[in-house]
Amino acid sequence: MFRLLSALILIFMIGVLGSFASVQNDLVNSKVSTNVTEQCGKFFSKCCRDGRDGRDGRDGNQGVKGDKGDPGIRGEKGQRGRRGLPGKSPKGAIKFGDTAENCTLGIAGTVQYSTSEKTLLICDGSAWLLVFTAGKGHTAHNPGLHCLDILNSGQSRGSGLYWIDPNGGSTDDSFQAFCDMETERGGWTLVATKVSPTLSSIIKPEFSTLAAKTKYADASSHIHPSMKDWKEVMLRFADVNTIRVIYNRKAGAPQPDKEEFEKYLMGKSSQLKKNVYGFYKYSPTDQNRSPSGGYATITALHFYSTAGISENHSGSDKWLDMWHSADGSNNYIYTDNTQALGTKCIAGYCYLIKPIWLMVR
């Protein structure tokens, strides 16, 4: 009995001691947890929890926000695009489109193709300006029919060489011609030139494209066969001040003598002298014509394929004297050399050193 009682007391004491150890361990753990919590509070705005096994810890606050960085370099402004016409451009070519947009500083330097004016325009910052590049008569592939056609199309750049194609077909046979864009409203195409006083004739039955641009050497030819609608022929010296003699085709027409003279100018072989009506003189200096209200007749006008063009050798000497040899009369107003008398004279003025141009429009 005693032994049994002793055993029970021993078992009770062991249980009490185990409970005490457990309580003591909990107190130690609680103290540690409290210390950790207090230490966490010193460094973090949010206290940690017990953090067992690395879990259930609170997130720390975000760090202090850094200073704003310097702004980057701004890229270059790209060129403003244009609204082009639909369709592909030929290989190796640039296609410009038309636009109704106003020209402003923002699009200065932009080029467009105007379909209404059929030409390139460039914006200068305030207005669309015409670009003179390849207008009619400026290239072999865009010739005019003649100088008057180029003038009427608004593509004249003043007197000079232009490309023409009188037959209006393929441009493969276009050629350069000198154009007088000033005398009597302009539009004159060079046909032939006389420099030597002994030149047999400025008009020949054979046509020459070279003669159309030869201004300072002998070059005989006739009016291009496709220029059948010409209205006037002019004979002048190369300088800009001397008087011109102009023949008007419609004046007094139809007349048989006029028709014969016109056939000669178109290349028909001729040995004739006729009374030809329809001439007048024009002065570039004062822009006057004579006779002022009409036309004059050249009596016995000689037009020979082998000798030249001249009024009667005993005539007034005040119209045309472009013969292959000098005549016996001397009613001229002025000459710079006796060799020019009767051979290189227009309106009574004779010049050996100046070329004579025959031109048509």
# chains A, B, ... in the order shown; residues from 1 in each chain; ligands from 1
>>> select_by_dssp(residues="range 155-244 of chain A", states="strand (DSSP E or B)", output="MDAnalysis selection string")
chainID A and resid 160:164 175:180 188:194 203 219 221 232:237 244
>>> write_last_selection(atoms="C-alpha atoms", output="PDB file, in the first residue's frame")
ATOM      1  CA  GLY A 160      16.834  82.156-128.149  1.00  0.00           C
ATOM      2  CA  LEU A 161      17.005  78.505-129.187  1.00  0.00           C
ATOM      3  CA  TYR A 162      13.951  76.263-128.724  1.00  0.00           C
ATOM      4  CA  TRP A 163      13.004  72.755-129.829  1.00  0.00           C
ATOM      5  CA  ILE A 164      10.311  72.540-132.501  1.00  0.00           C
ATOM      6  CA  PHE A 175      15.135  70.098-134.040  1.00  0.00           C
ATOM      7  CA  GLN A 176      16.356  73.355-132.560  1.00  0.00           C
ATOM      8  CA  ALA A 177      15.394  76.707-134.039  1.00  0.00           C
ATOM      9  CA  PHE A 178      16.201  80.281-133.121  1.00  0.00           C
ATOM     10  CA  CYS A 179      13.100  82.216-132.041  1.00  0.00           C
ATOM     11  CA  ASP A 180      12.590  85.975-132.050  1.00  0.00           C
ATOM     12  CA  TRP A 188       9.208  84.263-135.296  1.00  0.00           C
ATOM     13  CA  THR A 189      11.023  81.061-136.363  1.00  0.00           C
ATOM     14  CA  LEU A 190      14.377  81.314-138.164  1.00  0.00           C
ATOM     15  CA  VAL A 191      14.328  79.783-141.662  1.00  0.00           C
ATOM     16  CA  ALA A 192      17.602  80.839-143.311  1.00  0.00           C
ATOM     17  CA  THR A 193      20.600  83.184-142.934  1.00  0.00           C
ATOM     18  CA  LYS A 194      22.718  85.199-145.394  1.00  0.00           C
ATOM     19  CA  ILE A 203      15.900  80.389-150.217  1.00  0.00           C
ATOM     20  CA  ALA A 219      22.478  78.669-144.257  1.00  0.00           C
ATOM     21  CA  SER A 221      16.634  76.629-146.714  1.00  0.00           C
ATOM     22  CA  GLU A 232       3.954  86.425-142.115  1.00  0.00           C
ATOM     23  CA  VAL A 233       7.588  86.387-143.248  1.00  0.00           C
ATOM     24  CA  MET A 234      10.164  88.818-141.832  1.00  0.00           C
ATOM     25  CA  LEU A 235      13.582  89.857-143.170  1.00  0.00           C
ATOM     26  CA  ARG A 236      15.869  91.538-140.628  1.00  0.00           C
ATOM     27  CA  PHE A 237      19.486  92.070-139.624  1.00  0.00           C
ATOM     28  CA  ARG A 244      12.558  95.026-140.495  1.00  0.00           C
TER      29      ARG A 244
END
>>> closest_residue(among="A:Thr99, A:Ser156, A:Asn288, A:Asn331", to="Gly186 in chain A", atoms="only C-alpha atoms")
A:Ser156
>>> closest_residue(among="A:Met181, A:Ile243, A:Ile346, A:Ile309", to="Leu199 in chain A", atoms="only C-alpha atoms")
A:Ile309
>>> closest_residue(among="A:Pro284, A:Gly278, A:Gly328, A:Pro90", to="Val240 in chain A", atoms="only C-alpha atoms")
A:Pro284
>>> decode(residues="range 135-207 of chain A", atoms="C-alpha atoms", output="mmCIF file, in the first residue's frame")
data_model
loop_
_atom_site.group_PDB
_atom_site.id
_atom_site.type_symbol
_atom_site.label_atom_id
_atom_site.label_comp_id
_atom_site.auth_asym_id
_atom_site.auth_seq_id
_atom_site.Cartn_x
_atom_site.Cartn_y
_atom_site.Cartn_z
ATOM 1 C CA GLY A 135 8.172 73.462 -120.672
ATOM 2 C CA LYS A 136 7.116 73.294 -124.290
ATOM 3 C CA GLY A 137 10.079 73.896 -126.565
ATOM 4 C CA HIS A 138 12.663 73.483 -123.793
ATOM 5 C CA THR A 139 13.597 69.853 -124.574
ATOM 6 C CA ALA A 140 13.699 67.606 -127.640
ATOM 7 C CA HIS A 141 10.982 65.417 -126.117
ATOM 8 C CA ASN A 142 8.580 68.315 -125.556
ATOM 9 C CA PRO A 143 8.868 70.515 -128.665
ATOM 10 C CA GLY A 144 6.490 73.167 -129.938
ATOM 11 C CA LEU A 145 5.143 73.165 -133.470
ATOM 12 C CA HIS A 146 7.040 76.407 -134.058
ATOM 13 C CA CYS A 147 8.110 79.509 -132.134
ATOM 14 C CA LEU A 148 4.642 81.079 -132.221
ATOM 15 C CA ASP A 149 3.166 77.906 -130.728
ATOM 16 C CA ILE A 150 5.685 78.072 -127.877
ATOM 17 C CA LEU A 151 4.935 81.761 -127.311
ATOM 18 C CA ASN A 152 1.163 81.195 -127.277
ATOM 19 C CA SER A 153 1.540 78.359 -124.754
ATOM 20 C CA GLY A 154 3.196 80.734 -122.300
ATOM 21 C CA GLN A 155 6.528 78.874 -122.354
ATOM 22 C CA SER A 156 8.676 81.621 -123.890
ATOM 23 C CA ARG A 157 11.891 82.517 -122.057
ATOM 24 C CA GLY A 158 12.749 85.317 -124.471
ATOM 25 C CA SER A 159 14.553 85.167 -127.794
ATOM 26 C CA GLY A 160 16.834 82.156 -128.149
ATOM 27 C CA LEU A 161 17.005 78.505 -129.187
ATOM 28 C CA TYR A 162 13.951 76.263 -128.724
ATOM 29 C CA TRP A 163 13.004 72.755 -129.829
ATOM 30 C CA ILE A 164 10.311 72.540 -132.501
ATOM 31 C CA ASP A 165 8.585 69.756 -134.422
ATOM 32 C CA PRO A 166 6.412 71.302 -137.154
ATOM 33 C CA ASN A 167 4.840 68.010 -138.244
ATOM 34 C CA GLY A 168 3.617 67.347 -134.705
ATOM 35 C CA GLY A 169 4.248 63.614 -134.907
ATOM 36 C CA SER A 170 7.036 61.642 -133.267
ATOM 37 C CA THR A 171 9.478 63.868 -131.413
ATOM 38 C CA ASP A 172 12.379 61.869 -132.891
ATOM 39 C CA ASP A 173 12.612 64.404 -135.729
ATOM 40 C CA SER A 174 12.377 67.530 -133.558
ATOM 41 C CA PHE A 175 15.135 70.098 -134.040
ATOM 42 C CA GLN A 176 16.356 73.355 -132.560
ATOM 43 C CA ALA A 177 15.394 76.707 -134.039
ATOM 44 C CA PHE A 178 16.201 80.281 -133.121
ATOM 45 C CA CYS A 179 13.100 82.216 -132.041
ATOM 46 C CA ASP A 180 12.590 85.975 -132.050
ATOM 47 C CA MET A 181 10.119 86.417 -129.198
ATOM 48 C CA GLU A 182 10.137 90.230 -129.258
ATOM 49 C CA THR A 183 9.620 91.808 -132.697
ATOM 50 C CA GLU A 184 5.981 92.766 -133.334
ATOM 51 C CA ARG A 185 4.627 90.537 -130.496
ATOM 52 C CA GLY A 186 7.212 87.790 -131.208
ATOM 53 C CA GLY A 187 6.830 84.162 -132.287
ATOM 54 C CA TRP A 188 9.208 84.263 -135.296
ATOM 55 C CA THR A 189 11.023 81.061 -136.363
ATOM 56 C CA LEU A 190 14.377 81.314 -138.164
ATOM 57 C CA VAL A 191 14.328 79.783 -141.662
ATOM 58 C CA ALA A 192 17.602 80.839 -143.311
ATOM 59 C CA THR A 193 20.600 83.184 -142.934
ATOM 60 C CA LYS A 194 22.718 85.199 -145.394
ATOM 61 C CA VAL A 195 26.208 86.375 -144.375
ATOM 62 C CA SER A 196 28.218 86.330 -147.632
ATOM 63 C CA PRO A 197 27.180 88.997 -150.161
ATOM 64 C CA THR A 198 27.742 86.508 -153.011
ATOM 65 C CA LEU A 199 25.459 83.784 -151.588
ATOM 66 C CA SER A 200 23.374 82.595 -154.538
ATOM 67 C CA SER A 201 20.070 82.636 -152.613
ATOM 68 C CA ILE A 202 18.827 82.575 -149.053
ATOM 69 C CA ILE A 203 15.900 80.389 -150.217
ATOM 70 C CA LYS A 204 16.711 76.936 -151.610
ATOM 71 C CA PRO A 205 14.490 74.038 -152.769
ATOM 72 C CA GLU A 206 16.182 71.779 -150.186
ATOM 73 C CA PHE A 207 15.023 72.020 -146.580
#
